[in-house]
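The file my_file.cif comes next; it holds mmCIF, C-alpha atoms.
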data_work
loop_
_atom_site.label_atom_id
_atom_site.label_comp_id
_atom_site.auth_asym_id
_atom_site.auth_seq_id
_atom_site.Cartn_x
_atom_site.Cartn_y
_atom_site.Cartn_z
CA MET O 1 189.17 13.61 -146.86
CA THR O 2 187.66 16.88 -145.67
CA GLY O 3 190.25 17.52 -142.99
CA PRO O 4 191.75 15.89 -139.95
CA ALA O 5 189.40 14.45 -137.36
CA PHE O 6 191.96 13.79 -134.67
CA ASP O 7 189.25 13.49 -132.01
CA GLN O 8 187.72 10.55 -133.89
CA LEU O 9 191.11 8.94 -134.36
CA LEU O 10 191.87 9.20 -130.63
CA ARG O 11 188.39 7.94 -129.75
CA ARG O 12 188.71 4.91 -132.02
CA LEU O 13 192.13 4.01 -130.59
CA SER O 14 190.82 4.38 -127.06
CA GLU O 15 187.59 2.45 -127.67
CA ALA O 16 189.55 -0.40 -129.29
CA GLY O 17 191.64 -0.71 -126.13
CA VAL O 18 194.92 0.29 -127.78
CA GLU O 19 197.64 0.95 -125.22
CA PHE O 20 199.37 4.18 -126.20
CA VAL O 21 200.83 7.40 -124.83
CA LEU O 22 200.14 10.67 -126.62
CA VAL O 23 203.24 12.74 -127.46
CA GLY O 24 203.92 15.63 -129.86
CA GLY O 25 201.66 18.55 -130.66
CA LEU O 26 198.50 17.22 -129.04
CA ALA O 27 200.44 16.44 -125.85
CA LEU O 28 201.60 20.07 -125.87
CA ASN O 29 197.94 21.11 -125.94
CA ALA O 30 197.27 18.95 -122.89
CA TRP O 31 200.05 20.85 -121.06
CA GLY O 32 198.58 24.26 -121.90
CA VAL O 33 200.35 25.10 -125.17
CA ILE O 34 197.84 25.67 -127.94
CA ARG O 35 199.15 25.13 -131.43
CA GLY O 36 198.06 23.37 -134.55
CA THR O 37 199.41 19.99 -135.55
CA LYS O 38 199.35 17.93 -138.70
CA ASP O 39 199.19 14.52 -137.04
CA VAL O 40 198.50 12.46 -133.95
CA ASP O 41 201.84 11.35 -132.47
CA ILE O 42 201.74 8.29 -130.23
CA VAL O 43 204.04 5.68 -128.75
CA VAL O 44 202.36 2.28 -128.52
CA ALA O 45 202.87 -0.77 -126.34
CA PRO O 46 204.98 -3.11 -128.48
CA ASP O 47 203.21 -6.39 -127.76
CA PRO O 48 201.81 -8.13 -130.87
CA GLU O 49 198.15 -7.95 -129.78
CA ASN O 50 198.39 -4.19 -129.24
CA LEU O 51 200.10 -3.68 -132.60
CA LYS O 52 197.31 -5.70 -134.22
CA LEU O 53 194.72 -3.40 -132.59
CA VAL O 54 196.54 -0.28 -133.84
CA ALA O 55 196.63 -1.71 -137.36
CA GLU O 56 192.95 -2.68 -137.28
CA VAL O 57 191.90 0.80 -136.14
CA ALA O 58 194.08 2.39 -138.82
CA VAL O 59 192.76 0.19 -141.64
CA ALA O 60 189.15 0.71 -140.50
CA ALA O 61 189.84 4.45 -140.86
CA GLY O 62 191.12 3.98 -144.42
CA GLY O 63 194.72 3.75 -143.29
CA HIS O 64 197.70 2.85 -145.40
CA VAL O 65 201.47 3.11 -145.19
CA GLN O 66 203.83 3.86 -148.05
CA ARG O 67 207.10 1.91 -147.71
CA GLY O 68 209.24 2.47 -150.76
CA GLU O 69 207.19 1.17 -153.67
CA ALA O 70 205.01 -0.97 -151.39
CA LEU O 71 201.64 0.22 -150.14
CA LEU O 72 200.69 -1.48 -146.88
CA GLY O 73 196.95 -1.49 -146.33
CA THR O 74 196.00 -4.61 -144.39
CA PRO O 75 196.01 -5.06 -140.63
CA PHE O 76 198.55 -7.89 -141.00
CA SER O 77 201.01 -5.90 -143.12
CA ILE O 78 200.78 -2.78 -140.95
CA ALA O 79 201.10 -4.77 -137.69
CA ALA O 80 204.11 -6.64 -139.11
CA GLU O 81 205.78 -3.36 -140.04
CA LEU O 82 204.99 -1.89 -136.60
CA ALA O 83 206.66 -4.93 -135.03
CA THR O 84 210.00 -3.78 -136.47
CA GLY O 85 209.96 -1.00 -133.86
CA GLU O 86 210.56 1.74 -136.41
CA GLN O 87 208.68 5.02 -136.73
CA MET O 88 205.65 4.73 -139.01
CA ALA O 89 203.33 7.33 -140.51
CA ILE O 90 199.89 5.91 -141.25
CA GLU O 91 197.74 8.07 -143.53
CA THR O 92 194.06 7.63 -142.62
CA ASP O 93 190.80 9.27 -143.66
CA LEU O 94 190.80 10.90 -140.20
CA GLY O 95 194.31 12.35 -140.51
CA ARG O 96 197.86 11.15 -140.12
CA LEU O 97 198.69 8.78 -137.26
CA ASP O 98 202.40 8.87 -136.48
CA ILE O 99 203.75 5.96 -134.44
CA VAL O 100 207.01 7.45 -133.18
CA GLN O 101 208.80 4.61 -131.44
CA GLY O 102 212.34 3.96 -132.56
CA LEU O 103 213.26 7.63 -132.98
CA ASP O 104 216.30 9.03 -131.18
CA GLY O 105 215.25 10.65 -127.92
CA VAL O 106 211.86 8.88 -127.70
CA PRO O 107 211.63 6.74 -124.56
CA SER O 108 210.12 3.27 -124.63
CA PHE O 109 206.39 2.84 -124.17
CA ASP O 110 206.92 1.42 -120.66
CA GLU O 111 209.03 4.39 -119.61
CA LEU O 112 206.58 6.93 -121.04
CA ALA O 113 203.57 5.13 -119.57
CA SER O 114 205.15 5.04 -116.10
CA HIS O 115 205.30 8.87 -116.07
CA ALA O 116 202.12 9.60 -118.06
CA SER O 117 198.96 11.28 -116.82
CA GLN O 118 195.40 10.78 -117.92
CA ALA O 119 193.99 13.88 -119.58
CA GLU O 120 191.09 14.84 -121.77
CA VAL O 121 192.35 15.70 -125.25
CA LEU O 122 189.80 16.69 -127.90
CA GLY O 123 187.09 15.21 -125.69
CA VAL O 124 188.82 11.83 -125.27
CA ASN O 125 190.48 10.61 -122.06
CA VAL O 126 193.99 9.40 -122.99
CA ALA O 127 197.42 8.84 -121.47
CA VAL O 128 199.60 11.89 -122.13
CA CYS O 129 203.36 11.88 -121.69
CA SER O 130 204.72 13.81 -118.74
CA VAL O 131 205.86 17.36 -119.32
CA GLU O 132 209.40 16.26 -118.41
CA ASP O 133 209.37 13.51 -121.07
CA LEU O 134 207.84 15.91 -123.57
CA ARG O 135 210.62 18.43 -122.89
CA ALA O 136 213.31 15.78 -123.29
CA MET O 137 211.85 14.59 -126.61
CA LYS O 138 211.59 18.17 -127.91
CA GLN O 139 215.18 18.88 -126.86
CA ALA O 140 216.41 15.68 -128.52
CA ALA O 141 214.61 16.48 -131.77
CA GLY O 142 215.96 20.04 -131.72
CA ARG O 143 214.09 21.29 -134.80
CA GLY O 144 212.93 24.90 -134.99
CA GLN O 145 209.34 24.07 -134.04
CA ASP O 146 210.58 21.96 -131.10
CA LEU O 147 212.59 24.90 -129.73
CA VAL O 148 209.54 27.16 -130.04
CA ASP O 149 207.47 24.49 -128.29
CA LEU O 150 209.97 24.45 -125.40
CA GLU O 151 209.69 28.23 -125.02
CA ASN O 152 205.90 27.97 -125.08
CA LEU O 153 205.97 25.22 -122.44
CA ASP O 154 208.05 27.51 -120.23
CA ALA O 155 205.53 30.31 -120.72
CA ALA O 156 202.55 28.01 -120.05
CA GLU O 157 204.12 26.78 -116.81
CA GLY O 158 205.40 30.21 -115.75
#
Structure rendered as structure tokens:
Amino acid sequence: MTGPAFDQLLRRLSEAGVEFVLVGGLALNAWGVIRGTKDVDIVVAPDPENLKLVAEVAVAAGGHVQRGEALLGTPFSIAAELATGEQMAIETDLGRLDIVQGLDGVPSFDELASHASQAEVLGVNVAVCSVEDLRAMKQAAGRGQDLVDLENLDAAEG
């Protein structure tokens, strides 16, 4: 891998018809806070067909998931693991895709989608979580970077 190609990852998800809402660092960018990120954070619609699409896109991009000693690398195995509703980091040739459902403070897909806006991120039109939901998730996570992100959101809005 030469480096993350998050634009290609977003484009492939979008073109495949995956239902998702962008959260995390790239969502911050959409709300005017420019900072680097090491992954694409999304919350996906939990229906089986959508999970299958996510897994197919990930595997087509060289994706795999390490779960203990097991290495998941087929669409079936990744979709089955996604169906548990837990957070999952999928390493792909285009960069890390982090499916963040199941984490404390992360609303359901339906809740996020009901407040989301369409925005162009890295040249791709995607659903981006609302600034209010983004703030709540950052506050719930409470890590150092999240607190800095909250300050930067204030500055971007101010």
Segment 72-111 of chain O residues near segment 52-62 of chain O within 6 Å, closest pair each, using only C-alpha atoms, as CSV:
residue,atom,partner,partner_atom,distance
O:Pro75,CA,O:Ala55,CA,4.7
O:Ile78,CA,O:Ala55,CA,5.6
O:Ala79,CA,O:Lys52,CA,5.2
O:Thr92,CA,O:Gly62,CA,5.0
O:Asp93,CA,O:Gly62,CA,5.4
Could you write out as AutoDock Vina command-line options the box around segment 145-150 of chain O (axis-aligned, all atoms listed in the file, 4 Å on each side), with centre and edge lengths in Å to one decimal?
--center_x 210.0 --center_y 24.6 --center_z -129.7 --size_x 13.1 --size_y 13.2 --size_z 16.6
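Counting from atom CA of Ala127 of chain O, the distance to atom CA of Leu26 of chain O is 11.3 Å.
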So, with only C-alpha atoms as the atoms that count, which of O:Gly85, O:Gly158, O:Gly123, O:Gly17 lies closest to Val106 of chain O?
O:Gly85
Can you list what the PyMOL selection byres ((chain O and resi 10) around 12) grabs from this structure, as a VMD selection string?
chain O and resid 4 to 9 11 to 22 26 39 to 42 54 57 to 58 61 94 to 97 120 to 128
Find the distance between atom CA of Val23 of chain O and atom CA of Ala156 of chain O and write it in Å to one decimal.
17.0 Å
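Shortest atom-to-atom contact with Phe76 of chain O among O:Glu49, O:Glu91, O:Gln139, O:Ala113: O:Glu49, counting only C-alpha atoms.
With all atoms listed in the file as the atoms that count, the residue of O:Ala80, O:Ala140, O:Leu150, O:Gln118 with the shortest distance to Asp104 of chain O is O:Ala140.
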Just give me the gap between atom CA of Asp98 of chain O and atom CA of Ala141 of chain O in Å, one decimal is fine.
15.1 Å
